[in-house]
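This report concerns only the one structure given below.
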Amino acid sequence: MNALKHFFEQLRNLDARDVGRWPFLFRALAVALVFVIVTGLLVWQFVYRGNVPDLRAAEAEQRSLWATFDQKQRKAANLEAYRQQLDEIERSFGAMLRQLPGRTEVPSLLVDISQSGLAAGLQEKLFQPGQETRRDFYAELPIKIRLTGGYHEFGEFVSGVAALPRIVTLHDIQISQATGRGSTRGTAAPTDALTLDLTAKTYRYLEESELAEQEAQAKAARQKKK
């Protein structure tokens with residue numbers, strides 16, 4: 001207890017302007033304190049401060065990796081559900097593909113569309129297939145159609161087209177009051193007759209030779225851009 005009291009008395013009596021007269025113990029403590037402070041400053045300046053950007057980059061990368069891991073873990077947990085969905089999509093796609101006619105089946109499909117209007121009791125004023133447009137794996141054929149008749153017959157025509165075993169979609173539908181001659185045979189249209197103008201679109205799958213030709217054209221176009 002006395003030694004500790006003596007130590008504090010010496011500490012109070014130290015003259016900061018005359019460090020050389022300090023007892024050896026206090027001089028050693030002062031040198032050690034200065035050494036610790038200088039070492040800490042050097043470490044902060046040249047080690048910690050210089051590595052702060054790398055540390056922050058590493059922390060950001062760690063967060064990104066954790067996010068990626070979490071995302072992949074969730075996908076792995078739902079992998080079986082994804083596989084089932086893919087199988088269902090492939091089955092649906094296959095069913096739709098089977099509804100697309102081949103090139104040789106298109107003429108008979110056009111006849112079926114035309115017959116749907118005649119079977120509904122409509123008079124056919126126009127049936128004009130347009131220019132075929134190729135898509136990724138199928139071709140689209142628009143057909144301009146003009147029919148005259150009544151609302152009831154129009155409904156039967158639409159139902160008949162929908163019942164066809166091939167995919168046919170109807171676009172740009174317009175109904176107006178019929179005028180002029182009612183049919184190509186020269187019979188006059190009834191006064192209450194209506195005219196139905198629309199574009200029917202049917203689709204066919206592209207054959208292997210057409211797909212290869214399409215791919216070659218796309219490749220040539222890419223090379224031309226380069």
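Lettering and numbering for the structure tokens are positional, with chains as A, B, ... in the shown order, residues counted from 1 in each chain, and ligands counted from 1 in the shown order.
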Handout entry: Spatial neighbours of stretch 133-142 of chain A, 6 Å, only C-alpha atoms, chain gap at least 2 places, as a PyMOL selection string
Key = chain A and resi 129-130+200-206
Taking N, CA and C atoms for each residue, export the selection above as a tab-separated table (two decimals), in the first residue's frame.
```tsv
chain	number	residue	atom	x	y	z
A	129	PRO	N	-56.07	-15.26	-99.92
A	129	PRO	CA	-54.84	-15.53	-99.14
A	129	PRO	C	-53.76	-14.50	-99.45
A	130	GLY	N	-53.03	-14.08	-98.40
A	130	GLY	CA	-51.99	-13.07	-98.58
A	130	GLY	C	-50.60	-13.68	-98.61
A	200	ALA	N	-58.44	-13.75	-91.44
A	200	ALA	CA	-58.18	-15.01	-90.75
A	200	ALA	C	-56.71	-15.35	-90.93
A	201	LYS	N	-56.10	-15.83	-89.87
A	201	LYS	CA	-54.70	-16.22	-89.95
A	201	LYS	C	-54.57	-17.69	-89.57
A	202	THR	N	-53.93	-18.43	-90.45
A	202	THR	CA	-53.63	-19.82	-90.16
A	202	THR	C	-52.12	-20.00	-90.13
A	203	TYR	N	-51.68	-21.07	-89.54
A	203	TYR	CA	-50.25	-21.25	-89.28
A	203	TYR	C	-49.83	-22.66	-89.68
A	204	ARG	N	-48.60	-22.79	-90.12
A	204	ARG	CA	-48.04	-24.11	-90.42
A	204	ARG	C	-46.62	-24.17	-89.86
A	205	TYR	N	-46.18	-25.36	-89.51
A	205	TYR	CA	-44.82	-25.49	-89.00
A	205	TYR	C	-43.84	-25.50	-90.16
A	206	LEU	N	-42.66	-24.98	-89.94
A	206	LEU	CA	-41.62	-24.95	-90.97
A	206	LEU	C	-40.93	-26.30	-91.03
```
List the neighbours of A:Ile113 out to 12 Å using only C-alpha atoms; skip same-chain residues closer than 3 positions along the sequence, and give me the result as a tab-separated table (two decimals) with N, CA and C atoms, in the first residue's frame.
```tsv
chain	number	residue	atom	x	y	z
A	106	VAL	N	-52.02	-27.13	-96.09
A	106	VAL	CA	-52.58	-25.77	-96.09
A	106	VAL	C	-53.71	-25.61	-97.10
A	107	PRO	N	-53.59	-26.09	-98.34
A	107	PRO	CA	-54.71	-25.90	-99.28
A	107	PRO	C	-56.02	-26.48	-98.77
A	108	SER	N	-55.99	-27.67	-98.18
A	108	SER	CA	-57.23	-28.26	-97.67
A	108	SER	C	-57.77	-27.46	-96.49
A	109	LEU	N	-56.87	-26.87	-95.69
A	109	LEU	CA	-57.32	-26.03	-94.58
A	109	LEU	C	-58.02	-24.78	-95.10
A	110	LEU	N	-57.52	-24.20	-96.19
A	110	LEU	CA	-58.17	-23.03	-96.78
A	110	LEU	C	-59.57	-23.39	-97.28
A	116	SER	N	-66.64	-23.29	-94.09
A	116	SER	CA	-67.29	-22.91	-92.83
A	116	SER	C	-68.25	-21.76	-93.05
A	117	GLY	N	-67.87	-20.79	-93.90
A	117	GLY	CA	-68.76	-19.68	-94.20
A	117	GLY	C	-69.96	-20.11	-95.01
A	118	LEU	N	-69.75	-20.94	-96.02
A	118	LEU	CA	-70.86	-21.40	-96.86
A	118	LEU	C	-71.82	-22.28	-96.05
A	119	ALA	N	-71.25	-23.11	-95.16
A	119	ALA	CA	-72.09	-23.99	-94.34
A	119	ALA	C	-72.96	-23.19	-93.38
A	120	ALA	N	-72.51	-22.00	-93.00
A	120	ALA	CA	-73.29	-21.16	-92.09
A	120	ALA	C	-74.36	-20.36	-92.84
A	124	GLU	N	-70.12	-15.65	-99.84
A	124	GLU	CA	-68.69	-15.30	-99.85
A	124	GLU	C	-68.42	-14.28	-100.95
A	127	PHE	N	-62.29	-14.04	-100.73
A	127	PHE	CA	-61.45	-15.01	-100.01
A	127	PHE	C	-60.08	-14.94	-100.65
A	128	GLN	N	-59.19	-14.17	-100.03
A	128	GLN	CA	-57.91	-13.83	-100.67
A	128	GLN	C	-56.74	-14.13	-99.74
A	129	PRO	N	-56.07	-15.26	-99.92
A	129	PRO	CA	-54.84	-15.53	-99.14
A	129	PRO	C	-53.76	-14.50	-99.45
A	143	ILE	N	-55.48	-14.35	-94.47
A	143	ILE	CA	-56.49	-14.51	-95.52
A	143	ILE	C	-57.55	-13.44	-95.32
A	144	LYS	N	-57.72	-12.58	-96.30
A	144	LYS	CA	-58.77	-11.56	-96.25
A	144	LYS	C	-60.08	-12.20	-96.67
A	145	ILE	N	-61.11	-12.02	-95.83
A	145	ILE	CA	-62.40	-12.65	-96.08
A	145	ILE	C	-63.50	-11.60	-95.97
A	157	PHE	N	-70.50	-19.13	-88.33
A	157	PHE	CA	-69.21	-19.17	-89.04
A	157	PHE	C	-68.05	-19.18	-88.05
A	158	VAL	N	-68.09	-18.30	-87.04
A	158	VAL	CA	-67.02	-18.24	-86.04
A	158	VAL	C	-66.93	-19.55	-85.28
A	159	SER	N	-68.08	-20.13	-84.94
A	159	SER	CA	-68.08	-21.42	-84.23
A	159	SER	C	-67.50	-22.51	-85.11
A	160	GLY	N	-67.81	-22.47	-86.39
A	160	GLY	CA	-67.27	-23.46	-87.31
A	160	GLY	C	-65.77	-23.37	-87.45
A	161	VAL	N	-65.25	-22.14	-87.52
A	161	VAL	CA	-63.80	-21.96	-87.61
A	161	VAL	C	-63.12	-22.44	-86.33
A	162	ALA	N	-63.74	-22.12	-85.18
A	162	ALA	CA	-63.16	-22.54	-83.90
A	162	ALA	C	-63.14	-24.06	-83.76
A	163	ALA	N	-64.07	-24.74	-84.43
A	163	ALA	CA	-64.15	-26.20	-84.32
A	163	ALA	C	-63.18	-26.91	-85.25
A	164	LEU	N	-62.50	-26.17	-86.11
A	164	LEU	CA	-61.55	-26.82	-87.01
A	164	LEU	C	-60.41	-27.45	-86.22
A	165	PRO	N	-59.85	-28.57	-86.71
A	165	PRO	CA	-58.78	-29.24	-85.97
A	165	PRO	C	-57.45	-28.50	-86.02
A	166	ARG	N	-57.36	-27.44	-86.82
A	166	ARG	CA	-56.13	-26.66	-86.92
A	166	ARG	C	-56.34	-25.28	-86.31
A	167	ILE	N	-55.24	-24.63	-85.97
A	167	ILE	CA	-55.31	-23.30	-85.35
A	167	ILE	C	-55.62	-22.25	-86.41
A	168	VAL	N	-56.72	-21.54	-86.21
A	168	VAL	CA	-57.09	-20.42	-87.07
A	168	VAL	C	-57.54	-19.28	-86.16
A	169	THR	N	-56.95	-18.10	-86.31
A	169	THR	CA	-57.33	-16.94	-85.50
A	169	THR	C	-57.95	-15.88	-86.39
A	170	LEU	N	-58.87	-15.11	-85.84
A	170	LEU	CA	-59.60	-14.08	-86.59
A	170	LEU	C	-59.17	-12.70	-86.08
A	199	THR	N	-59.76	-10.67	-91.19
A	199	THR	CA	-58.55	-11.35	-91.64
A	199	THR	C	-58.37	-12.60	-90.79
A	200	ALA	N	-58.44	-13.75	-91.44
A	200	ALA	CA	-58.18	-15.01	-90.75
A	200	ALA	C	-56.71	-15.35	-90.93
A	201	LYS	N	-56.10	-15.83	-89.87
A	201	LYS	CA	-54.70	-16.22	-89.95
A	201	LYS	C	-54.57	-17.69	-89.57
A	202	THR	N	-53.93	-18.43	-90.45
A	202	THR	CA	-53.63	-19.82	-90.16
A	202	THR	C	-52.12	-20.00	-90.13
```
Exercise for the section: May I ask which of the residues A:Lys219, A:Val34, A:Leu147, A:Trp66 is the closest one to A:Gln115, counting only C-alpha atoms? Expected result: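 Counting only C-alpha atoms, the residue closest to A:Gln115 is A:Leu147.
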Practice task
Give me every strand (DSSP E) residue in stretch 16-173 of chain A, going by DSSP on the backbone, as a PyMOL selection string.
Solution key: chain A and resi 123-129+133-134+138-149+168-173
Completion exercise
From atom CA of A:Ala60 to atom CA of A:Leu41 the spacing works out at 26.9 Å
Practice task
Pick out each residue of stretch 55-221 of chain A that DSSP on the backbone tags as alpha helix (DSSP H); I need them as a ChimeraX atom specification.
Solution key: /A:55-77,79-98,106-119,151-162,208-221
